[in-house]
file protein23.txt (compact mmCIF, C-alpha atoms)
# COMPACT_ATOMS: atom_id res chain seq x y z
CA MET H 85 2.42 -4.52 -16.97
CA ARG H 86 0.33 -5.29 -20.04
CA ARG H 87 2.45 -8.39 -20.70
CA VAL H 88 1.56 -9.60 -17.21
CA PHE H 89 -2.16 -9.26 -17.89
CA VAL H 90 -1.84 -11.03 -21.26
CA LEU H 91 -0.04 -13.89 -19.51
CA LEU H 92 -2.73 -14.05 -16.81
CA ALA H 93 -5.42 -14.11 -19.48
CA MET H 94 -3.68 -17.08 -21.13
CA VAL H 95 -3.47 -18.89 -17.79
CA VAL H 96 -7.17 -18.30 -17.11
CA ALA H 97 -8.04 -19.53 -20.60
CA ALA H 98 -6.02 -22.68 -19.94
CA PHE H 99 -7.88 -23.28 -16.67
CA SER H 100 -11.20 -22.84 -18.43
CA THR H 101 -10.40 -25.83 -20.66
CA ILE H 102 -10.17 -28.15 -17.64
CA SER H 103 -13.31 -30.23 -17.33
CA ALA H 104 -15.18 -29.65 -14.09
CA ALA H 105 -15.29 -32.69 -11.83
CA LYS H 106 -18.85 -33.97 -11.41
CA ARG H 107 -21.03 -36.99 -10.84
CA VAL H 108 -24.65 -37.83 -11.57
CA ALA H 109 -26.97 -38.57 -8.64
CA ALA H 110 -29.60 -41.31 -8.68
CA ASP H 111 -32.31 -38.80 -9.62
CA GLY H 112 -30.27 -37.55 -12.55
CA GLU H 113 -29.04 -34.35 -10.87
CA ILE H 114 -25.51 -33.36 -11.80
CA ILE H 115 -23.42 -32.86 -8.66
CA LYS H 116 -20.08 -31.08 -8.82
CA THR H 117 -17.19 -32.60 -6.91
CA GLY H 118 -13.55 -31.74 -6.31
CA TRP H 119 -12.06 -28.69 -7.99
CA ASN H 120 -14.02 -26.43 -10.32
CA PHE H 121 -12.88 -23.23 -12.02
CA GLY H 122 -14.81 -20.16 -13.10
CA PRO H 123 -12.64 -17.69 -15.06
CA LEU H 124 -14.10 -14.34 -16.11
CA PRO H 125 -12.81 -11.15 -17.73
CA VAL H 126 -12.83 -7.95 -15.67
CA VAL H 127 -14.28 -5.02 -17.59
CA GLY H 128 -15.47 -1.72 -16.12
CA PHE H 129 -15.40 2.04 -16.35
CA ASP H 130 -14.88 4.81 -13.83
CA SER H 131 -14.92 8.48 -14.85
CA ASP H 132 -11.95 9.18 -12.56
CA LEU H 133 -9.94 6.03 -13.28
CA GLY H 134 -10.79 5.23 -16.90
CA PHE H 135 -11.56 1.85 -18.43
CA GLN H 136 -10.79 -1.23 -16.35
CA TYR H 137 -9.59 -4.49 -17.87
CA GLY H 138 -8.12 -7.67 -16.46
CA VAL H 139 -8.97 -11.20 -15.43
CA CYS H 140 -10.42 -12.92 -12.36
CA CYS H 141 -11.05 -16.54 -11.50
CA ASP H 142 -13.06 -18.40 -8.86
CA PHE H 143 -11.65 -21.68 -7.59
CA PHE H 144 -14.24 -23.91 -5.91
CA ASN H 145 -13.70 -27.14 -4.03
CA TYR H 146 -16.85 -29.23 -3.48
CA GLY H 147 -15.14 -32.22 -1.86
CA ASP H 148 -17.11 -35.39 -2.50
CA GLY H 149 -20.19 -33.35 -3.41
CA SER H 150 -22.16 -34.35 -0.30
CA ASP H 151 -22.85 -30.68 0.52
CA TYR H 152 -23.48 -29.53 -3.09
CA PRO H 153 -24.46 -26.85 -4.12
CA SER H 154 -22.57 -25.54 -1.09
CA TYR H 155 -18.77 -25.66 -1.45
CA LYS H 156 -16.04 -26.66 0.97
CA PHE H 157 -14.05 -23.55 0.16
CA LYS H 158 -13.73 -20.87 -2.49
CA ILE H 159 -10.74 -18.78 -3.56
CA ASN H 160 -10.98 -15.76 -5.85
CA VAL H 161 -8.05 -14.04 -7.56
CA GLU H 162 -8.18 -10.82 -9.58
CA ALA H 163 -5.63 -8.80 -11.50
CA SER H 164 -6.87 -5.70 -13.26
CA THR H 165 -5.74 -2.23 -14.27
CA TYR H 166 -7.27 1.06 -15.38
CA THR H 167 -6.27 3.08 -18.43
CA LYS H 168 -5.33 6.04 -16.20
CA GLY H 169 -2.75 3.97 -14.32
CA SER H 170 -4.45 2.48 -11.25
CA SER H 171 -4.31 -1.28 -10.67
CA ILE H 172 -5.74 -3.92 -8.36
CA LEU H 173 -4.26 -7.26 -7.26
CA ARG H 174 -6.56 -9.25 -4.99
CA CYS H 175 -6.95 -12.72 -3.52
CA TYR H 176 -9.62 -13.74 -1.04
CA GLY H 177 -10.83 -17.05 0.29
CA ASP H 178 -13.95 -18.34 2.02
CA PHE H 179 -13.50 -21.62 3.92
CA LYS H 180 -16.66 -23.19 5.32
CA ASN H 181 -15.20 -26.37 6.83
CA LEU H 182 -11.84 -25.27 8.18
CA ILE H 183 -13.45 -24.42 11.54
CA PRO H 184 -16.06 -26.91 12.83
CA ASP H 185 -19.52 -25.26 12.78
CA GLY H 186 -17.92 -22.06 11.54
CA LYS H 187 -16.13 -20.39 8.66
CA PHE H 188 -12.83 -18.66 7.93
CA PHE H 189 -12.26 -15.76 5.54
CA TYR H 190 -9.22 -13.85 4.33
CA ASP H 191 -8.71 -10.97 1.91
CA ILE H 192 -5.32 -9.79 0.63
CA THR H 193 -5.46 -6.77 -1.68
CA TYR H 194 -3.03 -4.31 -3.21
CA PHE H 195 -4.32 -1.05 -4.72
CA ASN H 196 -1.98 1.20 -6.69
CA ALA H 197 -3.10 4.70 -7.71
CA PRO H 198 -0.38 6.83 -9.34
CA LYS H 199 -3.02 9.60 -9.75
CA PHE H 200 -5.03 9.88 -6.55
CA GLY H 201 -7.29 12.85 -5.89
CA PHE H 202 -6.31 15.07 -2.95
CA TYR H 203 -8.54 18.06 -2.16
CA GLY H 204 -7.26 18.98 1.29
CA TYR H 205 -8.49 18.32 4.81
CA ASN H 206 -11.89 18.87 6.43
CA GLY H 207 -14.00 18.12 3.39
CA PHE H 208 -16.32 20.94 2.37
CA ALA H 209 -14.44 23.41 4.59
CA SER H 210 -11.30 23.11 2.45
CA PRO H 211 -10.53 25.91 -0.02
CA PHE H 212 -11.45 24.92 -3.56
CA ASP H 213 -10.64 26.64 -6.84
CA ALA H 214 -12.43 25.20 -9.89
CA ASN H 215 -9.89 26.86 -12.17
CA TYR H 216 -7.31 24.28 -11.12
CA ILE H 217 -9.68 21.46 -11.98
CA ALA H 218 -10.59 22.96 -15.36
CA GLY H 219 -6.95 23.61 -16.15
CA THR H 220 -7.40 27.32 -16.84
CA ALA H 221 -4.93 28.16 -14.05
CA GLN H 222 -2.27 26.50 -16.22
CA ALA H 223 -3.42 28.11 -19.50
CA ASP H 224 -4.78 25.25 -21.61
CA ALA H 225 -2.54 22.62 -20.07
CA LYS H 226 -3.80 19.76 -17.96
CA SER H 227 -3.72 20.51 -14.25
CA GLY H 228 -2.25 18.12 -11.72
CA PHE H 229 -2.90 20.44 -8.76
CA ASN H 230 -5.27 18.04 -6.98
CA PHE H 231 -3.32 14.84 -7.60
CA MET H 232 -0.89 12.80 -5.54
CA LYS H 233 0.16 9.16 -5.63
CA ARG H 234 -1.05 6.51 -3.22
CA SER H 235 -0.72 2.75 -2.81
CA GLN H 236 -2.44 0.58 -0.24
CA PHE H 237 -1.77 -2.97 0.94
CA ARG H 238 -4.63 -4.49 2.94
CA THR H 239 -4.94 -7.80 4.75
CA VAL H 240 -8.12 -8.90 6.51
CA VAL H 241 -8.58 -12.20 8.35
CA SER H 242 -11.83 -13.11 10.05
CA MET H 243 -13.57 -16.15 11.49
CA MET H 244 -17.02 -17.04 12.75
CA LYS H 245 -18.26 -19.98 14.79
CA ASN H 246 -21.73 -21.05 15.79
CA ILE H 247 -22.56 -21.09 19.49
CA ARG H 248 -26.14 -22.27 19.36
CA GLY H 249 -29.02 -21.84 16.94
CA ASN H 250 -28.65 -18.45 15.28
CA LEU H 251 -26.12 -17.21 17.86
CA ASN H 252 -22.55 -16.88 16.57
CA TRP H 253 -19.31 -15.31 17.66
CA ALA H 254 -17.01 -13.57 15.21
CA ALA H 255 -13.50 -12.12 15.32
CA SER H 256 -11.46 -10.22 12.77
CA LEU H 257 -7.98 -8.77 12.36
CA ALA H 258 -7.05 -6.19 9.71
CA TYR H 259 -3.73 -4.67 8.66
CA TYR H 260 -3.37 -1.66 6.36
CA HIS H 261 -0.19 -0.17 4.93
CA ILE H 262 -0.64 3.05 2.95
CA SER H 263 2.12 4.86 1.07
CA ILE H 264 1.62 8.36 -0.37
CA GLY H 265 3.81 10.86 -2.16
CA GLN H 266 4.17 13.64 -4.68
CA LEU H 267 2.69 13.07 -8.15
CA ASP H 268 5.32 11.48 -10.37
CA THR H 269 5.75 14.06 -13.14
CA ASP H 270 8.28 11.81 -14.89
CA LYS H 271 5.45 9.37 -15.49
CA PHE H 272 2.85 12.09 -16.15
CA ASP H 273 4.99 14.58 -18.05
CA SER H 274 1.99 16.74 -18.98
CA TYR H 275 2.04 17.96 -15.35
CA ALA H 276 5.78 18.70 -15.29
CA GLY H 277 6.69 21.91 -13.45
CA GLN H 278 3.26 22.30 -11.83
CA SER H 279 2.78 22.68 -8.10
CA THR H 280 0.26 20.48 -6.29
CA LEU H 281 -1.91 20.86 -3.21
CA TYR H 282 0.00 18.00 -1.58
CA GLU H 283 3.24 19.89 -2.19
CA LEU H 284 1.80 23.08 -0.66
CA TYR H 285 0.53 21.16 2.38
CA ARG H 286 4.03 19.81 2.92
CA TYR H 287 5.63 23.25 2.42
CA HIS H 288 3.37 24.82 5.07
CA ASN H 289 3.85 21.82 7.41
CA LEU H 290 0.17 20.88 7.29
CA ILE H 291 1.54 17.48 6.34
CA ARG H 292 4.52 16.96 8.62
CA GLU H 293 7.75 15.35 7.52
CA ASN H 294 7.07 12.13 9.46
CA GLU H 295 3.64 11.83 7.80
CA ALA H 296 4.63 12.71 4.24
CA GLU H 297 4.96 9.09 3.10

call {"tool": "encode", "arguments": {"input": "protein23.txt", "output": "structure tokens"}}
result
Amino acid sequence: MRRVFVLLAMVVAAFSTISAAKRVAADGEIIKTGWNFGPLPVVGFDSDLGFQYGVCCDFFNYGDGSDYPSYKFKINVEASTYTKGSSILRCYGDFKNLIPDGKFFYDITYFNAPKFGFYGYNGFASPFDANYIAGTAQADAKSGFNFMKRSQFRTVVSMMKNIRGNLNWAASLAYYHISIGQLDTDKFDSYAGQSTLYELYRYHNLIRENEAE
């Protein structure tokens, strides 16, 4: 996985060396035209997920520059991962001229979380034992009791078109595919041999067999 992100970083660096297309207007203003690229590193921190690192890049198309600084369309791609195992692959696009007097948008995203928190159903009403979180229930070992694995693939497509003045109509279609399962103790061997809340829910049929994945 790290090799993939190194390769993506090299690709983004190569794009950044491409000169942005532009022209100079009569008043001296620089107007961007055609394709332009805006690569950036992805850096972040989440107390549950760890440090985030990766790359993202904006691809702009300004056409002949007649609408500058507005663009004809924009595409953003991101590939990033967290030190605790989660990762994000995302691509979205915003097209302002594909639909006359309207716009088109899409978002395709894949989230992977090999350690996803699961604390039961019904929120605050669920039984909660802080000993499992602190690890004292497993002596001094790390506790995986409230972890499971989850991945999500999401696709969203939407469009908007002007009717008159500030009146618009909009429509959207979304598709989600979510996969869940038992925490992979082969990958996280510090939790080997431990039971999890997800496992107990399955054992007591609170999560039925046809819902387990």

call {"tool": "closest_residue", "arguments": {"input": "protein23.txt", "among": "H:Leu281, H:Asp151, H:Asp130, H:Phe231", "to": "H:Pro211", "atoms": "only C-alpha atoms"}}
result
H:Leu281

call {"tool": "residues_around", "arguments": {"input": "protein23.txt", "residues": "H:Gly228", "least_positions_apart": "2", "cutoff": "7 Å", "atoms": "all atoms listed in the file", "output": "list in words"}}
result
Lys226, Asn230, Phe231, Tyr275, Gln278 and Thr280 of chain H

call {"tool": "closest_residue", "arguments": {"input": "protein23.txt", "among": "H:Glu162, H:Asp270, H:Asp148, H:Asp178", "to": "H:Pro125", "atoms": "only C-alpha atoms"}}
result
H:Glu162

call {"tool": "residues_around", "arguments": {"input": "protein23.txt", "residues": "stretch 184-201 of chain H", "least_positions_apart": "6", "cutoff": "7 Å", "atoms": "only C-alpha atoms", "output": "mmCIF file with C-alpha atoms, keeping the file's coordinate frame"}}
result
data_model
loop_
_atom_site.group_PDB
_atom_site.id
_atom_site.type_symbol
_atom_site.label_atom_id
_atom_site.label_comp_id
_atom_site.auth_asym_id
_atom_site.auth_seq_id
_atom_site.Cartn_x
_atom_site.Cartn_y
_atom_site.Cartn_z
ATOM 1 C CA GLY H 169 -2.750 3.970 -14.320
ATOM 2 C CA SER H 170 -4.450 2.480 -11.250
ATOM 3 C CA SER H 171 -4.310 -1.280 -10.670
ATOM 4 C CA ILE H 172 -5.740 -3.920 -8.360
ATOM 5 C CA LEU H 173 -4.260 -7.260 -7.260
ATOM 6 C CA ARG H 174 -6.560 -9.250 -4.990
ATOM 7 C CA CYS H 175 -6.950 -12.720 -3.520
ATOM 8 C CA TYR H 176 -9.620 -13.740 -1.040
ATOM 9 C CA GLY H 177 -10.830 -17.050 0.290
ATOM 10 C CA ASP H 178 -13.950 -18.340 2.020
ATOM 11 C CA ASN H 230 -5.270 18.040 -6.980
ATOM 12 C CA PHE H 231 -3.320 14.840 -7.600
ATOM 13 C CA MET H 232 -0.890 12.800 -5.540
ATOM 14 C CA LYS H 233 0.160 9.160 -5.630
ATOM 15 C CA ARG H 234 -1.050 6.510 -3.220
ATOM 16 C CA SER H 235 -0.720 2.750 -2.810
ATOM 17 C CA GLN H 236 -2.440 0.580 -0.240
ATOM 18 C CA PHE H 237 -1.770 -2.970 0.940
ATOM 19 C CA ARG H 238 -4.630 -4.490 2.940
ATOM 20 C CA THR H 239 -4.940 -7.800 4.750
ATOM 21 C CA VAL H 240 -8.120 -8.900 6.510
ATOM 22 C CA VAL H 241 -8.580 -12.200 8.350
ATOM 23 C CA SER H 242 -11.830 -13.110 10.050
ATOM 24 C CA MET H 243 -13.570 -16.150 11.490
ATOM 25 C CA MET H 244 -17.020 -17.040 12.750
ATOM 26 C CA LYS H 245 -18.260 -19.980 14.790
ATOM 27 C CA ASN H 246 -21.730 -21.050 15.790
ATOM 28 C CA LEU H 267 2.690 13.070 -8.150
#
